[in-house]
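Trainee: start.txt is reproduced in full below (compact mmCIF, C-alpha atoms).
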```
# COMPACT_ATOMS: atom_id res chain seq x y z
CA MET A 1 -14.42 -49.48 20.67
CA ALA A 2 -17.21 -46.98 21.34
CA PHE A 3 -16.15 -43.79 23.09
CA PHE A 4 -18.82 -42.14 25.21
CA ARG A 5 -19.48 -40.36 28.49
CA GLN A 6 -22.38 -41.11 30.81
CA VAL A 7 -24.66 -38.42 32.17
CA GLN A 8 -26.46 -39.78 35.20
CA CYS A 9 -30.09 -38.90 35.83
CA LYS A 10 -29.21 -37.36 39.21
CA PHE A 11 -27.14 -34.78 37.34
CA TRP A 12 -30.39 -32.83 36.90
CA ILE A 13 -30.86 -32.52 40.69
CA ASP A 14 -27.28 -31.52 41.33
CA PRO A 15 -27.14 -28.83 44.07
CA GLY A 16 -27.14 -25.36 42.51
CA LEU A 17 -28.37 -26.49 39.11
CA GLU A 18 -31.68 -24.71 39.67
CA LYS A 19 -29.78 -21.41 39.48
CA PHE A 20 -28.34 -22.23 36.07
CA SER A 21 -29.67 -20.55 32.96
CA PRO A 22 -30.38 -22.77 29.91
CA GLU A 23 -27.04 -21.78 28.38
CA ASP A 24 -25.28 -22.66 31.67
CA ARG A 25 -26.84 -26.13 31.59
CA TYR A 26 -25.86 -26.50 27.95
CA PHE A 27 -22.28 -25.52 28.83
CA TYR A 28 -22.21 -27.94 31.79
CA ILE A 29 -23.31 -30.86 29.62
CA MET A 30 -20.74 -29.88 26.97
CA ILE A 31 -17.75 -29.86 29.33
CA MET A 32 -18.70 -33.32 30.62
CA THR A 33 -19.33 -34.99 27.26
CA ASN A 34 -17.19 -33.34 24.58
CA PRO A 35 -14.55 -35.46 22.75
CA MET A 36 -11.67 -33.83 24.65
CA THR A 37 -12.79 -35.27 28.01
CA LYS A 38 -10.78 -37.90 29.86
CA GLN A 39 -11.66 -40.57 32.41
CA CYS A 40 -9.85 -38.66 35.16
CA GLY A 41 -12.02 -35.51 34.79
CA ILE A 42 -9.08 -33.23 33.92
CA TYR A 43 -8.33 -32.49 30.29
CA GLU A 44 -7.08 -29.83 27.87
CA ILE A 45 -9.57 -27.66 26.00
CA THR A 46 -9.22 -24.09 24.77
CA PRO A 47 -11.95 -21.42 25.10
CA LYS A 48 -12.09 -21.43 21.29
CA GLN A 49 -12.81 -25.17 21.26
CA MET A 50 -15.54 -24.69 23.86
CA ALA A 51 -17.16 -22.04 21.70
CA ASP A 52 -16.95 -24.25 18.63
CA PHE A 53 -18.61 -27.19 20.45
CA LEU A 54 -21.40 -24.92 21.67
CA GLY A 55 -21.82 -23.17 18.34
CA TYR A 56 -21.19 -19.79 20.05
CA GLN A 57 -18.80 -16.94 19.41
CA GLN A 58 -15.84 -17.08 21.82
CA GLN A 59 -16.77 -13.72 23.39
CA ALA A 60 -20.11 -15.29 24.36
CA THR A 61 -18.43 -18.34 25.92
CA ASN A 62 -15.88 -16.49 28.07
CA PRO A 63 -18.46 -15.09 30.57
CA ILE A 64 -19.99 -18.58 31.02
CA LEU A 65 -16.55 -20.05 31.68
CA ASP A 66 -15.89 -17.30 34.22
CA ARG A 67 -19.21 -18.01 36.01
CA PHE A 68 -18.43 -21.70 36.32
CA VAL A 69 -15.02 -20.96 37.81
CA ASN A 70 -15.74 -17.99 40.09
CA VAL A 71 -19.48 -18.03 40.82
CA TYR A 72 -20.72 -21.63 40.61
CA LYS A 73 -17.28 -23.08 41.49
CA LYS A 74 -18.04 -26.18 39.43
CA ILE A 75 -14.74 -26.19 37.57
CA ALA A 76 -11.15 -25.00 37.75
CA TYR A 77 -9.51 -23.65 34.62
CA ASN A 78 -5.85 -22.90 33.90
CA HIS A 79 -5.51 -20.40 31.04
CA GLU A 80 -1.79 -21.18 30.67
CA THR A 81 -2.14 -24.94 30.20
CA ASN A 82 -5.73 -24.77 28.86
CA GLU A 83 -6.66 -27.49 31.35
CA ILE A 84 -10.09 -27.83 32.89
CA ALA A 85 -10.95 -29.81 36.03
CA ILE A 86 -14.60 -30.72 36.62
CA LEU A 87 -14.77 -30.57 40.39
CA ASN A 88 -17.63 -33.00 40.95
CA TRP A 89 -16.47 -35.41 38.25
CA THR A 90 -15.81 -38.23 40.72
CA LYS A 91 -19.32 -37.80 42.13
CA TYR A 92 -20.84 -38.96 38.84
CA ASN A 93 -18.00 -40.99 37.31
CA PHE A 94 -16.29 -42.80 40.19
CA SER A 95 -15.66 -46.49 39.54
CA LYS A 96 -13.99 -49.20 41.60
CA SER A 97 -12.97 -51.07 38.46
CA PRO A 98 -9.20 -51.81 38.44
CA LYS A 99 -9.18 -51.19 34.67
CA VAL A 100 -10.73 -47.72 35.11
CA ALA A 101 -8.41 -46.93 38.05
CA LYS A 102 -5.34 -47.76 35.96
CA CYS A 103 -6.65 -45.59 33.12
CA ILE A 104 -7.14 -42.67 35.55
CA ILE A 105 -3.61 -43.11 36.94
CA LYS A 106 -2.15 -43.04 33.44
CA GLU A 107 -4.07 -39.84 32.61
CA LEU A 108 -3.19 -38.13 35.91
CA LYS A 109 0.50 -38.56 35.09
CA GLU A 110 -0.07 -36.37 32.01
CA VAL A 111 -1.77 -33.50 33.88
CA LYS A 112 0.35 -30.34 33.68
CA ASP A 113 -1.30 -28.31 36.46
CA ARG A 114 -0.65 -30.74 39.32
CA ALA A 115 -2.63 -28.60 41.78
CA MET A 116 -5.82 -29.62 39.95
CA ILE A 117 -5.54 -33.29 40.94
CA PRO A 118 -6.26 -32.85 44.69
CA LEU A 119 -9.31 -30.75 43.81
CA LEU A 120 -10.97 -33.89 42.38
CA TYR A 121 -9.31 -36.78 44.18
CA ASN A 122 -9.66 -35.49 47.72
CA SER A 123 -11.25 -38.35 49.62
CA LYS A 124 -9.92 -41.41 51.40
CA GLU A 125 -11.94 -43.68 49.12
CA TYR A 126 -10.61 -42.23 45.87
CA LEU A 127 -6.97 -42.02 46.89
CA THR A 128 -6.84 -45.43 48.56
CA LEU A 129 -8.23 -47.02 45.40
CA LEU A 130 -5.75 -45.24 43.12
CA ILE A 131 -2.79 -46.07 45.35
CA LYS A 132 -3.94 -49.70 45.47
CA HIS A 133 -3.75 -49.85 41.69
CA GLY A 134 -0.36 -48.20 41.29
CA TYR A 135 -0.62 -44.44 41.94
CA ASP A 136 2.77 -43.62 43.41
CA ILE A 137 2.54 -42.35 47.01
CA ASP A 138 5.47 -39.94 46.55
CA THR A 139 3.60 -38.38 43.61
CA VAL A 140 0.49 -38.03 45.78
CA TYR A 141 2.48 -36.17 48.44
CA LYS A 142 4.00 -33.80 45.88
CA ASP A 143 0.64 -33.05 44.23
CA TYR A 144 -1.09 -32.29 47.52
CA LYS A 145 1.81 -30.15 48.67
CA THR A 146 1.49 -28.19 45.40
CA ALA A 147 -2.18 -27.61 46.20
CA SER A 148 -1.37 -26.75 49.86
CA ILE A 149 -3.66 -29.54 51.10
CA ASP A 150 -2.85 -31.43 54.30
CA LEU A 151 -3.12 -35.15 53.59
CA ASP A 152 -3.52 -35.93 57.29
CA THR A 153 -7.04 -34.50 57.15
CA LEU A 154 -8.10 -37.38 54.88
CA GLY A 155 -7.44 -39.98 57.57
CA ILE A 156 -5.31 -42.22 55.33
CA ASP A 157 -2.56 -44.31 56.90
CA PHE A 158 0.03 -43.53 54.23
CA GLU A 159 2.80 -45.29 56.14
CA ARG A 160 0.83 -48.54 56.05
CA LEU A 161 -0.05 -48.02 52.39
CA ALA A 162 3.59 -47.34 51.58
CA GLU A 163 4.62 -50.56 53.31
CA LYS A 164 1.91 -52.46 51.45
CA GLU A 165 3.00 -50.91 48.14
CA GLU A 166 6.60 -51.89 48.86
CA LYS A 167 5.54 -55.47 49.64
CA GLU A 168 3.54 -55.62 46.40
CA LYS A 169 6.56 -54.40 44.44
CA GLU A 170 8.74 -56.99 46.18
CA LYS A 171 6.22 -59.74 45.35
CA GLU A 172 6.14 -58.62 41.73
CA LYS A 173 9.93 -58.61 41.64
CA GLU A 174 10.11 -62.12 43.14
CA LYS A 175 7.46 -63.34 40.69
CA LYS A 176 9.46 -61.95 37.78
CA GLN A 177 12.70 -63.48 39.09
CA LYS A 178 10.99 -66.85 39.57
CA LYS A 179 9.67 -66.74 36.01
CA GLU A 180 13.11 -65.85 34.63
CA LYS A 181 14.68 -68.65 36.69
CA GLU A 182 12.14 -71.20 35.40
CA LYS A 183 12.75 -70.02 31.85
CA LYS A 184 16.50 -70.39 32.31
CA GLU A 185 16.10 -73.84 33.89
CA LEU A 186 13.87 -75.00 31.02
CA LYS A 187 16.41 -73.78 28.47
CA THR A 188 19.17 -75.63 30.32
CA ALA A 189 17.05 -78.80 30.52
CA GLN A 190 16.25 -78.67 26.81
CA GLN A 191 19.92 -78.21 25.93
CA CYS A 192 21.37 -80.75 28.38
CA LEU A 193 18.86 -83.62 28.40
CA ASP A 194 20.50 -86.59 26.67
CA PRO A 195 19.22 -86.57 23.05
CA ARG A 196 18.81 -90.37 23.20
CA ILE A 197 16.05 -89.89 25.78
CA LYS A 198 14.11 -87.60 23.44
CA GLU A 199 14.66 -89.95 20.49
CA LYS A 200 13.50 -93.08 22.38
CA SER A 201 10.50 -91.23 23.83
CA LYS A 202 9.42 -90.21 20.34
CA SER A 203 10.08 -93.70 18.99
CA TYR A 204 8.26 -95.50 21.82
CA PHE A 205 5.37 -93.10 22.56
CA GLY A 206 5.01 -91.13 19.34
CA SER A 207 6.10 -87.71 20.64
CA VAL A 208 9.00 -85.90 22.26
CA PRO A 209 8.64 -85.02 25.97
CA ASP A 210 6.72 -81.85 26.77
CA MET A 211 8.34 -78.96 28.69
CA LYS A 212 7.33 -80.25 32.14
CA SER A 213 8.57 -83.76 31.34
CA VAL A 214 11.86 -82.41 29.96
CA GLN A 215 12.49 -80.57 33.24
CA THR A 216 11.60 -83.64 35.34
CA LEU A 217 13.75 -85.98 33.25
CA TYR A 218 16.68 -83.57 33.36
CA LYS A 219 16.47 -83.42 37.18
CA ILE A 220 16.50 -87.24 37.27
CA GLN A 221 19.39 -87.34 34.77
CA ARG A 222 21.43 -85.10 37.07
CA LYS A 223 20.87 -87.55 39.93
CA THR A 224 21.27 -90.87 38.15
CA GLY A 225 22.69 -90.26 34.69
CA ALA A 226 20.97 -90.99 31.39
CA ASP A 227 21.35 -94.80 31.38
CA LEU A 228 18.76 -95.42 34.09
CA ILE A 229 16.23 -93.27 32.21
CA LEU A 230 16.91 -95.16 28.97
CA HIS A 231 16.44 -98.46 30.85
CA ALA A 232 13.16 -97.16 32.32
CA LEU A 233 11.90 -96.26 28.84
CA GLU A 234 12.56 -99.82 27.66
CA TRP A 235 11.02 -101.24 30.87
CA THR A 236 7.86 -99.20 30.19
CA LEU A 237 7.28 -101.04 26.91
CA GLU A 238 6.72 -104.23 28.92
CA GLN A 239 4.08 -102.61 31.15
CA PRO A 240 0.30 -102.44 30.56
CA SER A 241 0.41 -98.63 30.53
CA LYS A 242 2.93 -97.61 27.91
CA SER A 243 3.50 -93.88 28.36
CA LEU A 244 6.16 -91.42 29.40
CA ASP A 245 4.17 -90.74 32.58
CA THR A 246 4.65 -94.41 33.52
CA THR A 247 8.40 -94.07 32.90
CA ILE A 248 8.67 -90.97 35.09
CA ALA A 249 6.55 -92.53 37.86
CA ALA A 250 8.81 -95.63 37.86
CA LEU A 251 11.98 -93.51 37.96
CA GLU A 252 10.69 -91.42 40.86
CA TYR A 253 9.74 -94.61 42.74
CA TRP A 254 13.13 -96.20 42.08
CA ILE A 255 15.00 -93.11 43.28
CA GLY A 256 12.75 -93.03 46.35
CA ILE A 257 13.85 -96.54 47.37
CA GLY A 258 17.52 -95.84 46.64
CA ILE A 259 17.89 -97.23 43.10
CA LYS A 260 20.27 -95.10 41.04
CA SER A 261 21.75 -97.52 38.49
CA VAL A 262 20.55 -99.91 35.80
CA ASP A 263 21.99 -102.90 37.72
CA ASP A 264 20.01 -101.93 40.83
CA ALA A 265 16.82 -101.60 38.73
CA LYS A 266 17.35 -105.02 37.11
CA ARG A 267 17.77 -106.68 40.51
CA ILE A 268 14.25 -105.66 41.60
CA ALA A 269 12.62 -106.50 38.23
```
Output the file's structure in the form of structure tokens.
Mentor:
Amino acid sequence: MAFFRQVQCKFWIDPGLEKFSPEDRYFYIMIMTNPMTKQCGIYEITPKQMADFLGYQQQATNPILDRFVNVYKKIAYNHETNEIAILNWTKYNFSKSPKVAKCIIKELKEVKDRAMIPLLYNSKEYLTLLIKHGYDIDTVYKDYKTASIDLDTLGIDFERLAEKEEKEKEKEKEKKQKKEKEKKELKTAQQCLDPRIKEKSKSYFGSVPDMKSVQTLYKIQRKTGADLILHALEWTLEQPSKSLDTTIAALEYWIGIGIKSVDDAKRIA
């Protein structure tokens, strides 16, 4: 897969860019497009690496880095973790794509200087989207507390979002439990369905019952026993439509009118 970063045309009319020297503009483009960048806008890069990408000596790069942090205030840089945060990254790279949001969440979990995160993701729109796609609310609180930012100023109803997140987790849990239950029921049906039923089905219709049919037949077997199903298979051979679906439809009809034995089925034939 191709790996690239977009530079939007409006980048060139970004406020304050007119004050940048040519080398400042070169540096700005480099920090947004070099191979160390990440989708979240925060990534690790050493001053030496910056110099290498620019083709400069490191002593020439350090003053530019300092200008971007302290004068232009376009980035934050942590010299201990070697992490850089491009402060207007979301302005040019924000996406509502669930796939992108999940990628950002994954990358944000790896950020060492947690105080950098609120510097970029500091709007209701950004945070609501990330929380919607799995960014843990407790983590959000901790990160913003680290950066001494009051979340209430963003106007986000975190209590409602927390409730929604909890409901989503509960739904996911129920979905998983339902799937596991169905898997268990299918395994039981496959193991407990009378083998004669499978053999006659294959003999009469050319194939063994599929998973759905196995489950249906096993439910019927639990209600009536295997003999009625075997009788229904033989009865189907005398009908115009000779298929397992016809057998199951007949069995369900018979059970619906109270027939639960072979003798009862023969009496209405």
Trainee: Could you tell me, as a list of chain:residue names, which residues have any atom at most 12 Å from (-20.2, -41.0, 27.4), counting all atoms listed in the file?
Mentor: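 Output of the proximity query reads A:Ala2, A:Phe3, A:Phe4, A:Arg5, A:Gln6, A:Val7, A:Gln8, A:Ile29, A:Met30, A:Ile31, A:Met32, A:Thr33, A:Asn34, A:Pro35, A:Met36, A:Thr37, A:Lys38, A:Gln39, A:Tyr92, A:Asn93.
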Trainee: So, with all atoms listed in the file as the atoms that count, which of A:Ala189, A:Ile64, A:Ile45, A:Ile13 lies closest to Tyr28 of chain A?
Mentor: A:Ile64
Trainee: So which residues touch Asp194 of chain A within 10 Å, counting only C-alpha atoms, skipping near sequence neighbours fewer than 2 positions away, as a list of chain:residue names?
Mentor: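 The neighbour list is A:Ala189, A:Gln190, A:Gln191, A:Cys192, A:Arg196, A:Ile197, A:Lys198, A:Glu199, A:Leu217, A:Tyr218, A:Gln221, A:Gly225, A:Ala226, A:Asp227, A:Ile229, A:Leu230.
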Trainee: For the point (4.0, -88.6, 32.6) in file coordinates, what residues are within 12 Å, counting only C-alpha atoms? Give the answer as a list of chain:residue names?
Mentor: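 Those residues, ordered by chain and then number, are A:Ser201, A:Phe205, A:Val208, A:Pro209, A:Asp210, A:Met211, A:Lys212, A:Ser213, A:Val214, A:Gln215, A:Thr216, A:Leu217, A:Leu233, A:Thr236, A:Ser241, A:Lys242, A:Ser243, A:Leu244, A:Asp245, A:Thr246, A:Thr247, A:Ile248, A:Ala249, A:Ala250, A:Leu251, A:Glu252.
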Trainee: Between atom CA of His133 of chain A and atom CA of Ile117 of chain A, what is the distance, to one decimal in Å?
Mentor: 16.7 Å
Trainee: With distances taken over all atoms listed in the file, which residue among A:Ile86, A:Ala76, A:Val71, A:Leu130 lies nearest Cys103 of chain A?
Mentor: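 That would be A:Leu130, the residue with the smallest distance to Cys103 of chain A.
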Trainee: Using only C-alpha atoms, which of A:Asp52, A:Glu180, A:Asp143, A:Glu83 sits nearest Lys109 of chain A?
Mentor: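 When distances to Lys109 of chain A are compared using only C-alpha atoms, the smallest one comes from A:Asp143.
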Trainee: Pick from A:Glu23, A:Met116, A:Glu125, A:Phe94: nearest to Pro63 of chain A, with only C-alpha atoms counted?
Mentor: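 Once distances to Pro63 of chain A are computed over only C-alpha atoms, the minimum belongs to A:Glu23.
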Trainee: Which of these, A:Asp136, A:Glu174, A:Asp24, A:Asp264, has the shortest distance to Thr61 of chain A once you count all atoms listed in the file?
Mentor: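 Smallest separation from Thr61 of chain A among the options: A:Asp24.
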Trainee: With only C-alpha atoms as the basis for distance, which of A:Val140, A:Ala265, A:Ala232, A:Ile259 is at the shortest distance from Ile105 of chain A?
Mentor: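 Using only C-alpha atoms, the shortest distance to Ile105 of chain A belongs to A:Val140.
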Trainee: Go ahead and compute the interatomic distance for atom CA of Tyr56 of chain A and atom CA of Pro22 of chain A, in Å to one decimal.
Mentor: 13.8 Å
Trainee: Mind giving me the straight-line distance from atom CA of Gly41 of chain A to atom CA of Trp89 of chain A in Å, one decimal?
Mentor: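 Between atom CA of Gly41 of chain A and atom CA of Trp89 of chain A the gap works out to 5.6 Å.
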Trainee: Give, as JSON, the centre coordinates and the x, y and z edge lengths in Å to one decimal for an axis-aligned box around all listed atoms of segment 169-176 of chain A, padded by 5 Å on each side.
Mentor:
```
{"center_x": 8.1, "center_y": -58.9, "center_z": 42.0, "size_x": 14.0, "size_y": 18.9, "size_z": 18.4}
```
